[in-house]
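What follows is the content of target.cif, which has mmCIF, C-alpha atoms:
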data_work
#
loop_
_atom_site.label_atom_id
_atom_site.label_comp_id
_atom_site.auth_asym_id
_atom_site.auth_seq_id
_atom_site.Cartn_x
_atom_site.Cartn_y
_atom_site.Cartn_z
CA MET Y 1 28.64 -62.20 5.90
CA ARG Y 2 28.62 -64.47 8.90
CA TRP Y 3 26.56 -63.52 11.88
CA PHE Y 4 26.96 -66.49 14.19
CA TRP Y 5 27.31 -65.87 17.88
CA ILE Y 6 27.32 -69.51 18.86
CA ASP Y 7 29.98 -72.07 18.00
CA ARG Y 8 28.34 -75.41 18.59
CA PHE Y 9 25.28 -77.20 19.92
CA ASP Y 10 25.96 -79.43 22.92
CA LYS Y 11 22.38 -80.49 23.50
CA PHE Y 12 19.19 -80.25 21.48
CA VAL Y 13 15.88 -81.75 22.56
CA VAL Y 14 13.12 -81.11 20.04
CA GLY Y 15 10.67 -78.44 21.16
CA GLN Y 16 12.10 -78.29 24.65
CA GLU Y 17 15.69 -77.29 25.22
CA ALA Y 18 18.93 -76.44 23.46
CA VAL Y 19 22.39 -75.83 24.87
CA THR Y 20 25.08 -74.10 22.85
CA VAL Y 21 28.68 -73.13 23.49
CA LYS Y 22 30.35 -69.89 22.51
CA ASN Y 23 34.09 -69.39 22.89
CA VAL Y 24 35.18 -65.80 23.23
CA THR Y 25 38.54 -64.83 21.77
CA LEU Y 26 40.55 -61.66 21.41
CA GLY Y 27 40.62 -62.38 17.70
CA GLU Y 28 37.01 -61.22 17.41
CA GLU Y 29 36.48 -57.67 16.25
CA PRO Y 30 33.72 -56.76 18.70
CA LEU Y 31 36.07 -57.27 21.63
CA ASP Y 32 38.67 -54.83 20.31
CA ASP Y 33 36.32 -52.16 19.13
CA TYR Y 34 33.58 -52.13 21.70
CA LEU Y 35 35.52 -50.57 24.55
CA PRO Y 36 39.20 -50.09 23.61
CA GLY Y 37 41.54 -51.02 26.44
CA TYR Y 38 38.93 -53.09 28.21
CA PRO Y 39 38.10 -55.95 25.88
CA HIS Y 40 34.85 -57.61 26.74
CA TYR Y 41 32.17 -59.36 24.78
CA PRO Y 42 29.11 -57.10 24.24
CA HIS Y 43 25.97 -58.13 26.07
CA SER Y 44 23.93 -57.46 22.94
CA LEU Y 45 25.82 -60.27 21.17
CA ILE Y 46 25.11 -62.61 24.08
CA ILE Y 47 21.41 -61.86 23.56
CA GLU Y 48 21.87 -62.53 19.84
CA GLY Y 49 23.58 -65.84 20.65
CA MET Y 50 20.60 -66.81 22.78
CA ALA Y 51 18.25 -65.69 20.00
CA GLN Y 52 20.11 -67.99 17.61
CA THR Y 53 20.03 -70.88 20.09
CA GLY Y 54 16.33 -70.42 20.85
CA GLY Y 55 15.39 -69.46 17.31
CA LEU Y 56 16.87 -72.64 15.85
CA LEU Y 57 15.22 -74.68 18.61
CA LEU Y 58 11.87 -73.22 17.49
CA ALA Y 59 12.54 -73.36 13.75
CA GLN Y 60 13.38 -77.07 13.93
CA ILE Y 61 9.85 -77.87 15.13
CA GLN Y 62 8.54 -77.13 11.63
CA GLU Y 63 11.62 -78.66 9.97
CA PHE Y 64 13.19 -75.20 9.50
CA GLN Y 65 10.39 -74.03 7.24
CA GLN Y 66 8.93 -71.71 9.84
CA ARG Y 67 10.38 -68.20 9.68
CA VAL Y 68 11.28 -67.34 13.25
CA VAL Y 69 12.29 -63.84 14.31
CA LEU Y 70 13.25 -62.35 17.65
CA ALA Y 71 10.35 -60.00 18.39
CA LYS Y 72 11.10 -58.82 21.90
CA VAL Y 73 13.74 -59.03 24.59
CA THR Y 74 11.34 -59.20 27.51
CA LYS Y 75 14.07 -59.43 30.09
CA ALA Y 76 17.85 -59.53 30.10
CA LEU Y 77 19.88 -59.50 33.28
CA PHE Y 78 23.66 -59.72 33.28
CA HIS Y 79 25.66 -60.74 36.33
CA ARG Y 80 29.18 -60.34 35.02
CA MET Y 81 31.33 -59.30 32.08
CA VAL Y 82 32.74 -61.79 29.62
CA GLY Y 83 36.28 -61.45 28.32
CA PRO Y 84 38.79 -63.19 26.04
CA GLY Y 85 39.26 -66.84 26.98
CA ASP Y 86 35.82 -67.23 28.53
CA GLN Y 87 33.44 -69.90 27.33
CA LEU Y 88 29.71 -69.19 27.38
CA ARG Y 89 27.23 -71.98 27.83
CA LEU Y 90 23.82 -70.86 26.61
CA THR Y 91 20.70 -72.78 27.56
CA ALA Y 92 17.38 -72.00 25.88
CA ARG Y 93 14.12 -73.54 27.12
CA VAL Y 94 10.74 -73.21 25.46
CA LEU Y 95 8.29 -71.77 27.99
CA SER Y 96 5.30 -71.27 25.71
CA LEU Y 97 4.68 -72.33 22.13
CA GLN Y 98 1.74 -70.87 20.17
CA ASP Y 99 0.73 -70.73 16.51
CA ASP Y 100 2.11 -67.23 16.00
CA GLY Y 101 5.10 -67.21 18.30
CA ALA Y 102 6.87 -68.54 21.35
CA ILE Y 103 8.54 -67.51 24.59
CA VAL Y 104 11.99 -68.79 25.43
CA GLN Y 105 13.80 -68.62 28.73
CA GLY Y 106 17.55 -68.27 28.44
CA SER Y 107 20.33 -68.73 30.93
CA VAL Y 108 24.04 -68.29 30.33
CA GLU Y 109 26.86 -69.72 32.40
CA VAL Y 110 30.59 -69.11 32.42
CA ASP Y 111 32.73 -71.50 34.49
CA GLU Y 112 29.49 -72.98 35.83
CA GLN Y 113 28.57 -69.59 37.31
CA PRO Y 114 25.47 -67.69 36.18
CA GLN Y 115 26.43 -64.97 33.71
CA ALA Y 116 23.04 -63.88 32.34
CA GLU Y 117 19.32 -64.62 32.45
CA MET Y 118 16.84 -63.59 29.82
CA GLU Y 119 13.39 -64.07 28.43
CA LEU Y 120 12.87 -63.70 24.69
CA THR Y 121 9.68 -63.52 22.66
CA PHE Y 122 9.80 -64.88 19.11
CA ALA Y 123 7.30 -64.34 16.31
CA PHE Y 124 6.56 -66.73 13.47
CA LEU Y 125 6.11 -64.75 10.28
CA ASP Y 126 3.07 -65.49 8.17
CA GLN Y 127 2.53 -64.93 4.45
CA SER Y 128 1.82 -61.22 4.95
CA PHE Y 129 5.60 -60.83 5.35
CA SER Y 130 6.18 -62.31 1.88
CA ASP Y 131 6.76 -66.01 1.43
CA LYS Y 132 10.50 -65.95 0.88
CA PRO Y 133 12.57 -68.19 3.15
CA PHE Y 134 15.25 -66.54 5.32
CA PHE Y 135 17.95 -68.95 4.19
CA ILE Y 136 18.83 -70.92 1.13
CA PRO Y 137 17.98 -74.45 2.38
CA GLY Y 138 21.35 -75.88 1.32
CA ASP Y 139 23.20 -73.07 3.10
CA LEU Y 140 21.22 -73.52 6.27
CA CYS Y 141 21.84 -77.24 6.19
CA ARG Y 142 25.56 -76.62 5.94
CA ILE Y 143 25.46 -74.15 8.84
CA LEU Y 144 23.52 -76.53 11.05
CA ARG Y 145 25.91 -79.36 10.29
CA THR Y 146 28.80 -77.07 11.23
CA LEU Y 147 27.05 -76.20 14.48
CA LYS Y 148 26.64 -79.97 15.17
CA LEU Y 149 22.90 -79.55 15.62
CA PHE Y 150 22.06 -82.77 13.81
CA ALA Y 151 24.85 -84.61 15.63
CA VAL Y 152 23.39 -83.98 19.09
CA GLY Y 153 19.69 -83.42 18.30
CA VAL Y 154 17.21 -85.86 19.79
CA HIS Y 155 13.46 -86.14 20.23
CA PRO Y 156 12.15 -86.10 23.81
CA ASP Y 157 12.14 -89.93 23.75
CA GLY Y 158 15.86 -89.94 22.97
CA THR Y 159 15.70 -90.97 19.31
CA PRO Y 160 17.98 -88.91 17.04
CA ILE Y 161 16.52 -86.27 14.77
CA GLN Y 162 16.86 -86.55 11.02
CA ILE Y 163 17.91 -83.87 8.56
CA PRO Y 164 14.72 -82.81 6.75
CA GLN Y 165 14.58 -84.06 3.16
CA HIS Y 166 14.07 -80.57 1.72
CA MET Y 167 17.37 -79.52 3.29
CA LEU Y 168 19.21 -82.55 1.96
CA ASP Y 169 17.81 -81.76 -1.49
CA GLY Y 170 18.94 -78.15 -1.13
CA GLU Y 171 22.39 -79.24 -0.06
CA TYR Y 172 22.66 -81.62 -3.00
CA GLU Y 173 21.68 -78.81 -5.33
CA LEU Y 174 24.23 -76.50 -3.74
CA LEU Y 175 27.03 -79.05 -4.18
CA THR Y 176 26.18 -80.35 -7.64
CA GLY Y 177 24.08 -77.65 -9.24
CA GLU Y 178 21.50 -80.32 -9.97
CA VAL Y 179 17.97 -80.28 -8.73
CA THR Y 180 16.84 -83.62 -7.28
CA MET U 1 -11.22 -67.30 45.12
CA ALA U 2 -9.20 -64.17 44.46
CA SER U 3 -10.78 -60.79 45.14
CA SER U 4 -11.16 -58.25 42.33
CA GLU U 5 -8.35 -56.28 43.91
CA GLU U 6 -6.01 -59.26 43.87
CA VAL U 7 -6.89 -59.98 40.27
CA PHE U 8 -6.20 -56.38 39.29
CA GLU U 9 -2.86 -56.40 41.09
CA LYS U 10 -1.73 -59.54 39.30
CA VAL U 11 -2.94 -58.30 35.92
CA GLN U 12 -1.19 -55.00 36.57
CA ALA U 13 2.05 -56.81 37.45
CA ALA U 14 1.83 -58.90 34.29
CA LEU U 15 1.34 -55.80 32.13
CA VAL U 16 4.13 -53.87 33.83
CA ASP U 17 6.42 -56.82 33.22
CA ALA U 18 5.34 -57.51 29.64
CA LEU U 19 5.05 -53.94 28.37
CA GLY U 20 7.67 -52.14 30.42
CA VAL U 21 5.11 -49.54 31.55
CA GLU U 22 4.89 -47.90 34.97
CA GLU U 23 2.46 -49.28 37.53
CA ASP U 24 0.45 -46.05 37.68
CA GLU U 25 -0.12 -46.17 33.92
CA VAL U 26 -1.98 -49.44 34.26
CA THR U 27 -5.36 -48.06 35.35
CA PRO U 28 -8.58 -50.07 34.93
CA GLU U 29 -9.72 -47.80 32.10
CA ALA U 30 -6.44 -47.87 30.15
CA THR U 31 -6.68 -49.49 26.74
CA MET U 32 -4.06 -52.11 26.06
CA VAL U 33 -3.06 -50.89 22.62
CA GLY U 34 -3.75 -47.15 22.67
CA ASP U 35 -2.75 -46.27 26.21
CA LEU U 36 -0.25 -48.97 27.12
CA GLY U 37 1.32 -49.36 23.69
CA ALA U 38 0.82 -53.12 23.39
CA GLU U 39 1.72 -54.54 19.99
CA SER U 40 0.38 -57.80 18.65
CA ILE U 41 3.43 -59.80 19.73
CA ASP U 42 3.07 -58.45 23.28
CA PHE U 43 -0.21 -60.33 23.66
CA LEU U 44 1.68 -63.60 23.38
CA ASP U 45 3.71 -62.52 26.37
CA ILE U 46 0.73 -61.08 28.27
CA VAL U 47 -1.31 -64.25 27.82
CA PHE U 48 1.64 -66.37 28.95
CA LYS U 49 2.16 -64.22 32.06
CA LEU U 50 -1.54 -64.31 32.95
CA GLU U 51 -1.67 -68.09 32.51
CA LYS U 52 1.27 -68.42 34.87
CA ALA U 53 0.05 -65.85 37.42
CA PHE U 54 -3.43 -67.36 37.73
CA ALA U 55 -2.69 -70.99 36.78
CA ILE U 56 -5.33 -70.85 34.05
CA ASN U 57 -5.41 -71.79 30.39
CA ILE U 58 -6.28 -69.01 27.94
CA PRO U 59 -7.31 -70.24 24.49
CA ARG U 60 -6.39 -67.51 22.06
CA GLU U 61 -9.82 -67.25 20.43
CA GLU U 62 -11.38 -66.37 23.78
CA LEU U 63 -9.49 -63.08 23.82
CA PHE U 64 -9.07 -62.44 20.10
CA PRO U 65 -12.16 -63.21 18.02
CA ASP U 66 -10.30 -62.90 14.72
CA ASP U 67 -12.51 -65.54 13.13
CA ILE U 68 -15.58 -63.37 13.71
CA LEU U 69 -13.91 -60.18 12.53
CA THR U 70 -12.73 -61.77 9.29
CA ASN U 71 -15.96 -63.62 8.57
CA ALA U 72 -17.88 -62.10 5.64
CA GLU U 73 -21.07 -63.19 7.33
CA TYR U 74 -20.44 -60.81 10.21
CA VAL U 75 -18.67 -57.92 8.49
CA LYS U 76 -20.04 -55.54 5.87
CA ASP U 77 -18.22 -52.51 4.43
CA GLY U 78 -15.57 -52.72 7.14
CA LYS U 79 -18.14 -52.72 9.93
CA VAL U 80 -19.37 -55.52 12.15
CA THR U 81 -23.04 -56.31 11.48
CA ASP U 82 -25.69 -56.66 14.20
CA GLN U 83 -25.35 -60.40 13.90
CA GLY U 84 -21.58 -60.03 14.30
CA ILE U 85 -22.02 -57.87 17.39
CA ALA U 86 -24.26 -60.55 18.86
CA GLU U 87 -21.53 -63.14 18.16
CA LEU U 88 -18.90 -60.92 19.76
CA LYS U 89 -21.05 -60.42 22.86
CA ALA U 90 -21.57 -64.15 23.17
CA ARG U 91 -17.86 -64.85 22.76
CA LEU U 92 -16.61 -61.94 24.89
CA PRO U 93 -19.23 -61.50 27.62
CA TRP U 94 -16.60 -59.86 29.83
CA ALA U 95 -15.79 -57.07 27.36
CA ASN U 96 -17.50 -53.70 27.36
CA LEU U 97 -18.61 -53.34 23.75
CA SER U 98 -20.97 -50.40 24.24
CA ARG U 99 -18.68 -47.78 22.71
CA PHE U 100 -17.67 -50.09 19.86
CA GLU U 101 -21.32 -50.75 19.05
CA SER U 102 -21.98 -47.11 18.19
CA ASN U 103 -19.48 -47.30 15.31
CA PRO U 104 -18.33 -50.91 14.95
CA ARG U 105 -15.44 -50.47 12.54
CA VAL U 106 -13.38 -53.66 12.40
CA GLN U 107 -10.16 -51.67 12.39
CA ASP U 108 -11.05 -50.16 15.79
CA PHE U 109 -11.60 -53.50 17.48
CA GLY U 110 -7.91 -53.97 18.17
CA ASN U 111 -7.90 -50.98 20.50
CA LEU U 112 -10.98 -51.99 22.41
CA LEU U 113 -9.59 -54.09 25.22
CA THR U 114 -9.05 -52.30 28.51
CA VAL U 115 -7.25 -53.46 31.63
CA ASN U 116 -10.65 -53.81 33.27
CA ASP U 117 -11.87 -56.10 30.47
CA LEU U 118 -8.85 -58.29 31.01
CA CYS U 119 -9.53 -58.43 34.76
CA ARG U 120 -13.16 -59.40 34.15
CA TYR U 121 -12.06 -62.09 31.73
CA VAL U 122 -9.63 -63.54 34.27
CA GLU U 123 -12.21 -63.44 37.05
CA ARG U 124 -14.59 -65.53 34.97
CA LYS U 125 -11.86 -68.14 34.52
CA LEU U 126 -11.10 -68.50 38.23
#

In structure tokens, write the structure found in this file.
Amino acid sequence: MRWFWIDRFDKFVVGQEAVTVKNVTLGEEPLDDYLPGYPHYPHSLIIEGMAQTGGLLLAQIQEFQQRVVLAKVTKALFHRMVGPGDQLRLTARVLSLQDDGAIVQGSVEVDEQPQAEMELTFAFLDQSFSDKPFFIPGDLCRILRTLKLFAVGVHPDGTPIQIPQHMLDGEYELLTGEVT
Amino acid sequence: MASSEEVFEKVQAALVDALGVEEDEVTPEATMVGDLGAESIDFLDIVFKLEKAFAINIPREELFPDDILTNAEYVKDGKVTDQGIAELKARLPWANLSRFESNPRVQDFGNLLTVNDLCRYVERKL
């Protein structure tokens, strides 16, 4: 099952900031079912979109081998509803990065107007939560390529980021069935 | 130099913000975990908010002496030894350890910190 509430990365600066875009369409189930007759995009999914934007920003720091989970929605303030045809622009900035978690500030704009502000706390899971990865590396690589993360991702000095070797190996295995 | 009252007010604001508790719940004697319901991940947020509010840097080990509490040298049968207590006192001179000392079970340490302890810690950093 797909659970993506962002469509594409527009900007990605390692350890600092990520900007994603989410297009809202009437073709999406949550709009129809959430409040029949008044289709709008649920705020909870906007928070999830920010969690994905910020979570991937954090996971990349350890080459996607850190298991990052949304631990707390510290603050979420919504200024307006979002409906079919709207495009969300989600900006996640790392406010604090520690060994066991991080705090991300999120802001969302629609038509260059503020739509939402939030602060999210993420936890990095240690071995006490088993050592299984959240994603099959090849799958995750494919998802991140689709989201254009590697196409726009740069280090703070402007040099492009590279796809981690373990993900390339996983992708190769996924496509060929052969382990490198 | 901030007065004790100012420090308390800022600590209180940080806890209200981080834990979603009411202002009147944040009394000096309230314990962070037992009374205010702080979970481990909340401390990340609390530390961040205190650093911002007071423009200070809070190294994690200054507030959470996990290395002492997991060190076999300082813990015996689930209790902190006298030597361990001495280490804790040296590391956390701002914390009131008197009650913990009477039955120093490691598992109880997590619920030791009070709002007042946190205020005293911050005051020492200013």

Each chain U residue no farther than 7 Å from chain Y, nearest pair in Å, only C-alpha atoms, as CSV:
residue,atom,partner,partner_atom,distance
U:Ala18,CA,Y:Thr74,CA,6.6
U:Ile41,CA,Y:Ala123,CA,6.9
U:Phe48,CA,Y:Ser96,CA,6.9

Name the residues, using the chain letters and numbers of the file, that sit within 12 Å of (-17.4, -62.2, 14.7) when counting all atoms listed in the file, and give them as an MDAnalysis selection string. chainID U and resid 61:62 64:76 79:92 104 106 109

Test item: the PyMOL selection byres ((chain Y and resi 77) around 8) resolved as a ChimeraX atom specification: /Y:75-76,78-79,116-118

Provide the CA of Gly49 (chain Y) to CA of Ile6 (chain Y) distance in Å, to one decimal place. 5.5 Å

Report as a PDB file with C-alpha atoms, in the frame of the given file the full result of the PyMOL selection byres ((chain Y and resi 11) around 10) when it is applied to this structure.
ATOM      1  CA  ARG Y   8      28.340 -75.410  18.590  1.00  0.00           C
ATOM      2  CA  PHE Y   9      25.280 -77.200  19.920  1.00  0.00           C
ATOM      3  CA  ASP Y  10      25.960 -79.430  22.920  1.00  0.00           C
ATOM      4  CA  PHE Y  12      19.190 -80.250  21.480  1.00  0.00           C
ATOM      5  CA  VAL Y  13      15.880 -81.750  22.560  1.00  0.00           C
ATOM      6  CA  VAL Y  14      13.120 -81.110  20.040  1.00  0.00           C
ATOM      7  CA  GLU Y  17      15.690 -77.290  25.220  1.00  0.00           C
ATOM      8  CA  ALA Y  18      18.930 -76.440  23.460  1.00  0.00           C
ATOM      9  CA  VAL Y  19      22.390 -75.830  24.870  1.00  0.00           C
ATOM     10  CA  THR Y  20      25.080 -74.100  22.850  1.00  0.00           C
ATOM     11  CA  VAL Y  21      28.680 -73.130  23.490  1.00  0.00           C
ATOM     12  CA  THR Y  91      20.700 -72.780  27.560  1.00  0.00           C
ATOM     13  CA  LYS Y 148      26.640 -79.970  15.170  1.00  0.00           C
ATOM     14  CA  LEU Y 149      22.900 -79.550  15.620  1.00  0.00           C
ATOM     15  CA  PHE Y 150      22.060 -82.770  13.810  1.00  0.00           C
ATOM     16  CA  ALA Y 151      24.850 -84.610  15.630  1.00  0.00           C
ATOM     17  CA  VAL Y 152      23.390 -83.980  19.090  1.00  0.00           C
ATOM     18  CA  GLY Y 153      19.690 -83.420  18.300  1.00  0.00           C
ATOM     19  CA  VAL Y 154      17.210 -85.860  19.790  1.00  0.00           C
TER      20      VAL Y 154
END

Near-Phe8 (chain U) list (8 Å; all atoms listed in the file; drop same-chain fewer than 4 positions) as a count of residues only: 4

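Relative to CA of Leu88 (chain Y), CA of Glu109 (chain Y) is found at 5.8 Å.
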
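Here CA of Trp94 (chain U) and CA of Ala38 (chain U) stand 19.8 Å from one another.
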
Pull out every residue that the PyMOL selection byres ((chain U and resi 99) around 12) matches in the shown coordinates and put them as a VMD selection string. chain U and resid 85 95 to 98 100 to 105 108 to 109 111 to 113

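Here the question is which of Y:Glu119, Y:Glu171, Y:Glu63, Y:Glu29 gets nearest to Pro42 (chain Y) using all atoms listed in the file, and that residue is Y:Glu29.
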
Near Ile61 (chain Y), within 8 Å and counting all atoms listed in the file, which residues show up once chain neighbours fewer than 3 positions away are dropped, as a PyMOL selection string? chain Y and resi 14-15+57-58+64

Produce a file of the selected residues containing C-alpha atoms, as a JSON list (two decimals), in the coordinates of the input.
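Done, and the output landed in result24.json:
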[["chain", "number", "residue", "atom", "x", "y", "z"],
["Y", 14, "VAL", "CA", 13.12, -81.11, 20.04],
["Y", 15, "GLY", "CA", 10.67, -78.44, 21.16],
["Y", 57, "LEU", "CA", 15.22, -74.68, 18.61],
["Y", 58, "LEU", "CA", 11.87, -73.22, 17.49],
["Y", 64, "PHE", "CA", 13.19, -75.20, 9.50]]

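The closest residue to Pro39 (chain Y), picked from Y:Pro84, Y:Gly177, Y:Gly55, Y:Pro164 and counting all atoms listed in the file, is Y:Pro84.
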
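Using all atoms listed in the file, the smallest distance between any of Y:Thr53, Y:Gly170, Y:Tyr41, Y:Glu178 and Phe135 (chain Y) comes from Y:Gly170.
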
Can you report as AutoDock Vina command-line options the centre and edge lengths in Å, to one decimal, of an axis-aligned box around the listed atoms of region 91-109 of chain Y padded with 5 Å on each side?
--center_x 13.8 --center_y -70.4 --center_z 24.2 --size_x 36.1 --size_y 16.3 --size_z 26.4

Take the point (40.8, -60.5, 24.2) as written in the file and pick out every residue within 7 Å of it, counting all atoms listed in the file; give the list as number ranges by chain. Y: 25-27, 31, 39, 83-84

Selection: 9 Å around Phe54 (chain U), all atoms listed in the file, excl. self and same-chain fewer than 4 positions, as a PDB file with C-alpha atoms, in the coordinates of the input:
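Output (out16.pdb):
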ATOM      1  CA  VAL U   7      -6.890 -59.980  40.270  1.00  0.00           C
ATOM      2  CA  LYS U  10      -1.730 -59.540  39.300  1.00  0.00           C
ATOM      3  CA  LYS U  49       2.160 -64.220  32.060  1.00  0.00           C
ATOM      4  CA  LEU U  50      -1.540 -64.310  32.950  1.00  0.00           C
ATOM      5  CA  VAL U 122      -9.630 -63.540  34.270  1.00  0.00           C
ATOM      6  CA  LEU U 126     -11.100 -68.500  38.230  1.00  0.00           C
TER       7      LEU U 126
END

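Distances here use all atoms listed in the file; by that measure, the residue among U:Ile46, U:Glu123, U:Gln107, U:Ser3 closest to Gly20 (chain U) is U:Ile46.
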
Could you add all heavy atoms to region 65-73 of chain U and give me the result as a compact mmCIF listing (two decimals), in the coordinates of the input?
# COMPACT_ATOMS: atom_id res chain seq x y z
N PRO U 65 -11.17 -62.54 18.89
CA PRO U 65 -12.16 -63.21 18.02
C PRO U 65 -11.90 -62.94 16.54
O PRO U 65 -12.78 -62.49 15.81
CB PRO U 65 -13.47 -62.56 18.48
CG PRO U 65 -13.07 -61.20 18.92
CD PRO U 65 -11.66 -61.28 19.43
N ASP U 66 -10.68 -63.20 16.12
CA ASP U 66 -10.30 -62.90 14.72
C ASP U 66 -11.22 -63.59 13.71
O ASP U 66 -11.50 -63.05 12.65
CB ASP U 66 -8.85 -63.36 14.45
CG ASP U 66 -7.86 -62.58 15.30
OD1 ASP U 66 -8.30 -61.60 15.93
OD2 ASP U 66 -6.68 -62.95 15.32
N ASP U 67 -11.66 -64.80 14.07
CA ASP U 67 -12.51 -65.54 13.13
C ASP U 67 -13.83 -64.81 12.88
O ASP U 67 -14.36 -64.85 11.77
CB ASP U 67 -12.76 -66.97 13.65
CG ASP U 67 -13.32 -66.97 15.07
OD1 ASP U 67 -12.91 -66.12 15.88
OD2 ASP U 67 -14.17 -67.83 15.37
N ILE U 68 -14.34 -64.13 13.90
CA ILE U 68 -15.58 -63.37 13.71
C ILE U 68 -15.31 -62.13 12.86
O ILE U 68 -16.05 -61.81 11.94
CB ILE U 68 -16.19 -62.96 15.08
CG1 ILE U 68 -16.59 -64.21 15.88
CG2 ILE U 68 -17.41 -62.04 14.89
CD1 ILE U 68 -17.07 -63.94 17.29
N LEU U 69 -14.21 -61.46 13.18
CA LEU U 69 -13.91 -60.18 12.53
C LEU U 69 -13.47 -60.34 11.07
O LEU U 69 -13.41 -59.37 10.32
CB LEU U 69 -12.83 -59.43 13.31
CG LEU U 69 -13.22 -59.06 14.74
CD1 LEU U 69 -12.03 -58.53 15.51
CD2 LEU U 69 -14.34 -58.03 14.75
N THR U 70 -13.14 -61.55 10.69
CA THR U 70 -12.73 -61.77 9.29
C THR U 70 -13.79 -62.58 8.53
O THR U 70 -13.57 -62.96 7.39
CB THR U 70 -11.39 -62.52 9.22
OG1 THR U 70 -11.49 -63.71 10.00
CG2 THR U 70 -10.24 -61.68 9.75
N ASN U 71 -14.90 -62.82 9.19
CA ASN U 71 -15.96 -63.62 8.57
C ASN U 71 -16.92 -62.72 7.79
O ASN U 71 -17.54 -61.81 8.35
CB ASN U 71 -16.71 -64.37 9.68
CG ASN U 71 -17.71 -65.36 9.13
OD1 ASN U 71 -18.20 -65.20 8.02
ND2 ASN U 71 -18.01 -66.38 9.92
N ALA U 72 -17.04 -62.95 6.50
CA ALA U 72 -17.88 -62.10 5.64
C ALA U 72 -19.33 -62.08 6.10
O ALA U 72 -20.06 -61.12 5.85
CB ALA U 72 -17.80 -62.61 4.20
N GLU U 73 -19.70 -63.11 6.83
CA GLU U 73 -21.07 -63.19 7.33
C GLU U 73 -21.34 -62.11 8.39
O GLU U 73 -22.46 -61.66 8.57
CB GLU U 73 -21.25 -64.58 7.95
CG GLU U 73 -22.68 -65.06 8.02
CD GLU U 73 -22.74 -66.42 8.71
OE1 GLU U 73 -21.82 -67.24 8.46
OE2 GLU U 73 -23.67 -66.65 9.47
